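As structure tokens, the structure follows; a few thoughts come after it.
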Amino acid sequence: MELVRCRRPRGGRAGAPTTYRFRSAAGLHSSQGLSTRTAAEYHFASLPPPVTAPPTDPGAPLLSVCIPAHNEQENIGRTIDAIATTLTAAAIPYEFVIANDNSTDGTGKVIEERMAQGQPIRMVERTPPGGFGRAIRSCLENFRGDIVVIVMADLSDDPNDIVRYYHKINEGYDAVFGTRFVKGSVVKDYPRVKLIANRIGNKLIQLLFRTEHNDLTNAFKVYRANAIRSLMPLYASHFNLTIEISLGLLNRGFKIASMPINWYGRTWGSAKFKIATLGRRYLATLMKAWAERRFIRDDLLAEHRRTMARLQHLAETEDRVTTNVVDAQNPDHGRGGLRRQQPGNQVQTDTA
């Protein structure tokens, strides 16, 4: 994929937004400045139609969609709706786990409205201090699915890629890392400064960890429940959590697939990612993961084998509960029938 700079239209005013386009297998995609309303219409109209799949069996793995949200009242409702529509069309059982990260706008109210409409949502009302990493950690402490995907609240991640993730990880992988920078990906409205920092940072990580994965700082990835639980507790408080998870899985030798994904710039609000304030945090997390790999990986793997054995033992020995009771602590996940409570708070549905 390459970035193409286009000329300002003839007669255009000085200082007008410069148009950049990413050239990929899907062609050229403009990032010209648009009004909020026009941009929103452009973004949602540009999404491809939902991927459909044959109905899954009643025992299909439950997908937990984890979303951190801070002051996203104009985005979170549309994000929930788009993801729910796509997953329903693909016959994928799902729940939302949304961390309302100290929002001062109507984000929580919008989430509650979707809950009242019957969407299967577990909302975590976070208390200070805030932070992207802390919000994700709250989600990961409260999900019940067999598979977990982390998605941004602004619909910058393509819901259809969630479907592709789900089917890919069910081919026998522990995680699937998407990348926005290979043939087949589509990227729109990616800030150029952020793009340059992203490419430099990811290339450095590739060299240090000798990996082919080239978008490790991206949060939008999918994991098996036990793969995530084997890393916990997690410690990063901000966007450096992305590499704490990615590099943690690489260091432990999990089976990880890669696939191209799409990314669309937000149409409302401002991004929470601030390069100037995150550099030291990324560096600290990177150094810790590299030191573990370089100096104590044998100890790390020994502890990892013990952790996975414990998780497997729990899965084989813990009691299972079948219930048709619906309450605030054990929601129905929007589907009828009996639900089997799995070890580790995982829920499996007997009838779709």
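Numbering starts fresh at 1 for the residues of each chain in the structure tokens, the chains themselves are lettered A, B, ... in the order given, and ligands are numbered from 1 as they appear.
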
| said: Can you pull out the residues contacting Ala69 (chain A)? Cut-off 8 Å, using only C-alpha atoms, and skip same-chain residues under 2 positions away; I want them as a ChimeraX atom specification. | reply: /A:67,71-72,76,98-101,103,107,135,152-153

| field | region 124-130 of chain A environment, 12 Å, only C-alpha atoms, sequence neighbours closer than 5 positions dropped, as number ranges by chain | value | A: 66-71, 96-104, 107-109, 111-112, 135-143, 236-239, 272, 329

Write out the residues from the selection above, keeping N, CA and C atoms, as a CSV table (one decimal), in the first residue's frame.
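The new file selection03.csv reads:
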chain,number,residue,atom,x,y,z
A,66,CYS,N,-15.5,-6.3,22.7
A,66,CYS,CA,-15.1,-5.3,23.8
A,66,CYS,C,-14.8,-3.9,23.2
A,67,ILE,N,-15.4,-2.9,23.7
A,67,ILE,CA,-15.4,-1.6,23.2
A,67,ILE,C,-15.1,-0.6,24.3
A,68,PRO,N,-13.9,0.1,24.3
A,68,PRO,CA,-13.7,1.2,25.2
A,68,PRO,C,-14.3,2.5,24.7
A,69,ALA,N,-15.0,3.2,25.5
A,69,ALA,CA,-15.7,4.4,25.0
A,69,ALA,C,-15.5,5.6,26.0
A,70,HIS,N,-15.0,6.7,25.5
A,70,HIS,CA,-14.8,7.9,26.3
A,70,HIS,C,-15.4,9.1,25.4
A,71,ASN,N,-16.5,9.6,25.9
A,71,ASN,CA,-17.1,10.8,25.2
A,71,ASN,C,-17.4,10.4,23.7
A,96,PHE,N,-21.8,-7.6,23.8
A,96,PHE,CA,-21.0,-6.5,23.8
A,96,PHE,C,-20.6,-6.3,25.3
A,97,VAL,N,-19.3,-6.0,25.4
A,97,VAL,CA,-18.8,-5.5,26.8
A,97,VAL,C,-18.2,-4.2,26.5
A,98,ILE,N,-18.8,-3.1,27.1
A,98,ILE,CA,-18.5,-1.8,26.8
A,98,ILE,C,-18.0,-1.1,28.1
A,99,ALA,N,-16.8,-0.5,28.1
A,99,ALA,CA,-16.3,0.2,29.2
A,99,ALA,C,-16.6,1.7,29.0
A,100,ASN,N,-17.5,2.3,29.7
A,100,ASN,CA,-17.8,3.7,29.6
A,100,ASN,C,-16.7,4.4,30.5
A,101,ASP,N,-15.7,4.9,29.9
A,101,ASP,CA,-14.5,5.4,30.6
A,101,ASP,C,-14.6,6.8,31.0
A,102,ASN,N,-15.4,7.1,32.1
A,102,ASN,CA,-15.5,8.4,32.7
A,102,ASN,C,-16.0,9.4,31.7
A,103,SER,N,-16.9,9.1,30.8
A,103,SER,CA,-17.5,10.0,29.8
A,103,SER,C,-18.2,11.1,30.5
A,104,THR,N,-18.1,12.3,30.0
A,104,THR,CA,-18.9,13.5,30.5
A,104,THR,C,-20.0,13.9,29.6
A,107,THR,N,-22.7,9.4,26.5
A,107,THR,CA,-22.3,8.0,26.0
A,107,THR,C,-23.0,6.9,26.8
A,108,GLY,N,-23.0,7.0,28.1
A,108,GLY,CA,-23.7,6.0,28.9
A,108,GLY,C,-25.2,5.9,28.6
A,109,LYS,N,-25.8,7.1,28.4
A,109,LYS,CA,-27.2,7.1,28.1
A,109,LYS,C,-27.5,6.3,26.8
A,111,ILE,N,-25.7,4.0,25.4
A,111,ILE,CA,-25.5,2.6,25.6
A,111,ILE,C,-26.7,2.0,26.3
A,112,GLU,N,-27.2,2.7,27.3
A,112,GLU,CA,-28.4,2.2,28.0
A,112,GLU,C,-29.6,2.1,27.1
A,135,ALA,N,-9.5,1.0,30.3
A,135,ALA,CA,-10.9,0.6,29.8
A,135,ALA,C,-10.9,-0.8,29.2
A,136,ILE,N,-9.9,-1.1,28.4
A,136,ILE,CA,-9.8,-2.4,27.8
A,136,ILE,C,-9.6,-3.5,28.9
A,137,ARG,N,-8.8,-3.2,29.9
A,137,ARG,CA,-8.6,-4.1,31.0
A,137,ARG,C,-9.9,-4.4,31.7
A,138,SER,N,-10.8,-3.3,31.9
A,138,SER,CA,-12.1,-3.5,32.5
A,138,SER,C,-12.9,-4.4,31.6
A,139,CYS,N,-12.9,-4.3,30.3
A,139,CYS,CA,-13.6,-5.2,29.4
A,139,CYS,C,-13.2,-6.6,29.6
A,140,LEU,N,-11.9,-6.8,29.6
A,140,LEU,CA,-11.3,-8.1,29.6
A,140,LEU,C,-11.5,-8.8,31.0
A,141,GLU,N,-11.8,-8.1,32.0
A,141,GLU,CA,-12.2,-8.6,33.3
A,141,GLU,C,-13.6,-9.0,33.4
A,142,ASN,N,-14.4,-8.7,32.4
A,142,ASN,CA,-15.9,-8.9,32.5
A,142,ASN,C,-16.5,-9.6,31.3
A,143,PHE,N,-15.7,-10.1,30.3
A,143,PHE,CA,-16.3,-10.7,29.2
A,143,PHE,C,-16.6,-12.2,29.5
A,236,ALA,N,-0.6,-2.2,31.3
A,236,ALA,CA,-0.6,-0.9,30.6
A,236,ALA,C,-1.9,-0.1,30.7
A,237,SER,N,-1.8,1.2,30.9
A,237,SER,CA,-2.9,2.0,31.1
A,237,SER,C,-3.4,2.8,29.9
A,238,HIS,N,-2.6,2.8,28.9
A,238,HIS,CA,-3.0,3.6,27.7
A,238,HIS,C,-2.9,2.8,26.5
A,239,PHE,N,-2.6,3.4,25.3
A,239,PHE,CA,-2.6,2.7,24.1
A,239,PHE,C,-1.4,1.7,24.0
A,272,LYS,N,-8.4,10.0,20.5
A,272,LYS,CA,-7.8,10.0,21.8
A,272,LYS,C,-6.3,9.7,21.8
A,329,GLN,N,-26.9,-9.7,36.4
A,329,GLN,CA,-25.6,-10.3,36.5
A,329,GLN,C,-25.4,-11.4,35.4

| request: Identify, with DSSP run on backbone atoms, the residues in region 31-273 of chain A assigned to strand (DSSP E or B), and express the list as a VMD selection string. | output: chain A and resid 63 to 69 94 to 100 121 to 125 147 to 150 157 175 to 179 186 to 188 221 to 224 256 to 260 262 to 264

What would the file look like if the residues just selected were written as a short mmCIF file (atom, residue, chain, number, x, y, z; two decimals), in the first residue's frame with N, CA and C atoms?
data_model
loop_
_atom_site.label_atom_id
_atom_site.label_comp_id
_atom_site.auth_asym_id
_atom_site.auth_seq_id
_atom_site.Cartn_x
_atom_site.Cartn_y
_atom_site.Cartn_z
N LEU A 63 -19.00 -14.81 20.88
CA LEU A 63 -18.04 -13.74 20.61
C LEU A 63 -18.31 -12.56 21.53
N SER A 64 -17.31 -12.14 22.28
CA SER A 64 -17.41 -10.94 23.11
C SER A 64 -16.77 -9.78 22.37
N VAL A 65 -17.56 -8.75 22.11
CA VAL A 65 -17.07 -7.55 21.42
C VAL A 65 -16.77 -6.50 22.47
N CYS A 66 -15.49 -6.25 22.71
CA CYS A 66 -15.06 -5.33 23.76
C CYS A 66 -14.80 -3.95 23.17
N ILE A 67 -15.45 -2.93 23.73
CA ILE A 67 -15.35 -1.58 23.20
C ILE A 67 -15.05 -0.60 24.33
N PRO A 68 -13.92 0.12 24.28
CA PRO A 68 -13.68 1.20 25.22
C PRO A 68 -14.32 2.48 24.68
N ALA A 69 -15.00 3.23 25.53
CA ALA A 69 -15.70 4.42 25.04
C ALA A 69 -15.51 5.59 26.00
N TYR A 94 -23.20 -13.35 19.97
CA TYR A 94 -22.31 -12.29 20.45
C TYR A 94 -22.86 -11.64 21.70
N GLU A 95 -21.97 -10.93 22.37
CA GLU A 95 -22.31 -10.00 23.44
C GLU A 95 -21.39 -8.79 23.28
N PHE A 96 -21.85 -7.65 23.75
CA PHE A 96 -21.01 -6.46 23.83
C PHE A 96 -20.56 -6.28 25.27
N VAL A 97 -19.28 -5.96 25.45
CA VAL A 97 -18.76 -5.55 26.75
C VAL A 97 -18.17 -4.16 26.54
N ILE A 98 -18.85 -3.15 27.07
CA ILE A 98 -18.47 -1.76 26.79
C ILE A 98 -18.03 -1.08 28.08
N ALA A 99 -16.83 -0.52 28.07
CA ALA A 99 -16.33 0.23 29.21
C ALA A 99 -16.59 1.71 28.97
N ASN A 100 -17.52 2.29 29.71
CA ASN A 100 -17.78 3.72 29.64
C ASN A 100 -16.74 4.41 30.51
N ILE A 121 -25.69 -6.39 26.06
CA ILE A 121 -24.60 -5.50 26.45
C ILE A 121 -24.30 -5.64 27.93
N ARG A 122 -23.03 -5.70 28.25
CA ARG A 122 -22.55 -5.59 29.61
C ARG A 122 -21.75 -4.29 29.68
N MET A 123 -22.27 -3.28 30.37
CA MET A 123 -21.60 -1.99 30.45
C MET A 123 -20.85 -1.87 31.77
N VAL A 124 -19.59 -1.49 31.67
CA VAL A 124 -18.76 -1.26 32.85
C VAL A 124 -18.61 0.25 33.01
N GLU A 125 -19.14 0.80 34.10
CA GLU A 125 -19.01 2.22 34.39
C GLU A 125 -17.71 2.42 35.16
N ILE A 147 -14.46 -16.31 22.53
CA ILE A 147 -13.59 -15.53 21.65
C ILE A 147 -13.84 -14.07 21.97
N VAL A 148 -12.78 -13.26 21.96
CA VAL A 148 -12.93 -11.85 22.30
C VAL A 148 -12.25 -11.00 21.23
N VAL A 149 -12.94 -9.94 20.80
CA VAL A 149 -12.39 -9.01 19.83
C VAL A 149 -12.46 -7.61 20.42
N ILE A 150 -11.41 -6.84 20.24
CA ILE A 150 -11.36 -5.45 20.71
C ILE A 150 -11.65 -4.54 19.52
N ASP A 157 -13.15 0.59 12.66
CA ASP A 157 -12.92 -0.80 12.28
C ASP A 157 -14.13 -1.34 11.53
N ALA A 175 -5.06 -16.56 18.08
CA ALA A 175 -5.31 -15.14 17.87
C ALA A 175 -5.19 -14.85 16.38
N VAL A 176 -5.81 -13.76 15.96
CA VAL A 176 -5.66 -13.29 14.59
C VAL A 176 -5.32 -11.81 14.65
N PHE A 177 -4.19 -11.44 14.07
CA PHE A 177 -3.75 -10.05 14.02
C PHE A 177 -4.08 -9.48 12.65
N GLY A 178 -4.91 -8.46 12.62
CA GLY A 178 -5.20 -7.79 11.36
C GLY A 178 -4.12 -6.78 11.05
N THR A 179 -3.94 -6.51 9.78
CA THR A 179 -2.99 -5.48 9.36
C THR A 179 -3.62 -4.58 8.32
N VAL A 186 -7.90 -1.78 3.08
CA VAL A 186 -8.41 -0.47 2.66
C VAL A 186 -8.29 0.49 3.83
N VAL A 187 -7.65 1.64 3.61
CA VAL A 187 -7.46 2.64 4.66
C VAL A 187 -7.94 3.99 4.15
N LYS A 188 -8.77 4.67 4.96
CA LYS A 188 -9.30 5.98 4.57
C LYS A 188 -9.07 6.98 5.70
N LYS A 221 -7.94 -6.61 17.15
CA LYS A 221 -7.48 -7.99 16.98
C LYS A 221 -8.46 -8.92 17.69
N VAL A 222 -8.35 -10.21 17.40
CA VAL A 222 -9.26 -11.19 18.02
C VAL A 222 -8.44 -12.27 18.70
N TYR A 223 -8.96 -12.76 19.82
CA TYR A 223 -8.21 -13.71 20.66
C TYR A 223 -9.14 -14.80 21.20
N ARG A 224 -8.58 -15.96 21.47
CA ARG A 224 -9.30 -16.95 22.25
C ARG A 224 -9.28 -16.52 23.71
N ILE A 256 -0.65 -17.74 15.84
CA ILE A 256 -1.27 -16.48 15.45
C ILE A 256 -1.33 -16.37 13.93
N ALA A 257 -2.50 -16.04 13.42
CA ALA A 257 -2.69 -15.81 11.98
C ALA A 257 -2.69 -14.31 11.71
N SER A 258 -2.53 -13.97 10.45
CA SER A 258 -2.56 -12.56 10.02
C SER A 258 -3.49 -12.44 8.82
N MET A 259 -4.16 -11.29 8.71
CA MET A 259 -5.05 -11.06 7.57
C MET A 259 -5.22 -9.57 7.34
N PRO A 260 -5.48 -9.15 6.10
CA PRO A 260 -5.70 -7.72 5.83
C PRO A 260 -7.04 -7.27 6.39
N ASN A 262 -9.64 -3.49 7.11
CA ASN A 262 -9.95 -2.13 6.65
C ASN A 262 -9.98 -1.17 7.84
N TRP A 263 -9.74 0.10 7.55
CA TRP A 263 -9.76 1.13 8.59
C TRP A 263 -10.30 2.42 7.99
N TYR A 264 -11.24 3.05 8.73
CA TYR A 264 -11.88 4.28 8.26
C TYR A 264 -11.73 5.35 9.33
#

| Top pick for closest residue to Leu286 (chain A), considering A:Leu155, A:Leu216, A:Ile261, A:Ala302 and counting only C-alpha atoms |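 Using only C-alpha atoms, Leu286 (chain A) sits closest to A:Leu216.
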
| DSSP helix (DSSP H, G or I) residues within region 111-318 of chain A, as a PyMOL selection string | chain A and resi 111-116+132-140+159-169+192-209+225-229+241-251+275-295+297-317

| Residues at most 12 Å from Gly253 (chain A), counting only C-alpha atoms, excluding those fewer than 3 positions away in the same chain, as a list in words? |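 Close residues of Gly253 (chain A): Tyr173, Asp174, Ala175, Phe209, Thr211, Ala227, Ser230, Ser246, Leu247, Gly248, Leu249, Leu250, Ile256, Arg293, Arg297, Asp298, Leu300, Leu301, Ala302, His304 and Arg305 of chain A.
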
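Of the listed residues (A:Leu278, A:Gly77, A:Glu318, A:Ile243), A:Ile243 comes nearest to Gln206 (chain A); the distances count only C-alpha atoms.
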
| message | What's the separation between CA of Leu62 (chain A) and CA of Arg144 (chain A), in Å to one decimal place? | response | 7.9 Å

| request: Using only C-alpha atoms, find the one residue out of A:Arg78, A:Gly131, A:Thr88, A:Arg210 that sits nearest to Glu113 (chain A). | output: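 The closest residue to Glu113 (chain A) is A:Arg78.
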
| said: What does the structure give for the distance between CA of Thr307 (chain A) and CA of Arg229 (chain A), in Å to one decimal? | reply: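 Those two atoms sit 9.0 Å apart.
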
| task | Enter the distance from CA of Asn198 (chain A) to CA of Asp161 (chain A), in Å, rounded to one decimal. | result |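 Computing the Euclidean distance for CA of Asn198 (chain A) and CA of Asp161 (chain A) yields 20.8 Å.
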
| task | Considering only C-alpha atoms, state which residue in the set A:Gln119, A:Leu208, A:Leu231, A:His313 is at the smallest distance from Ala291 (chain A). | result |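 Among the listed residues, A:Leu208 lies closest to Ala291 (chain A).
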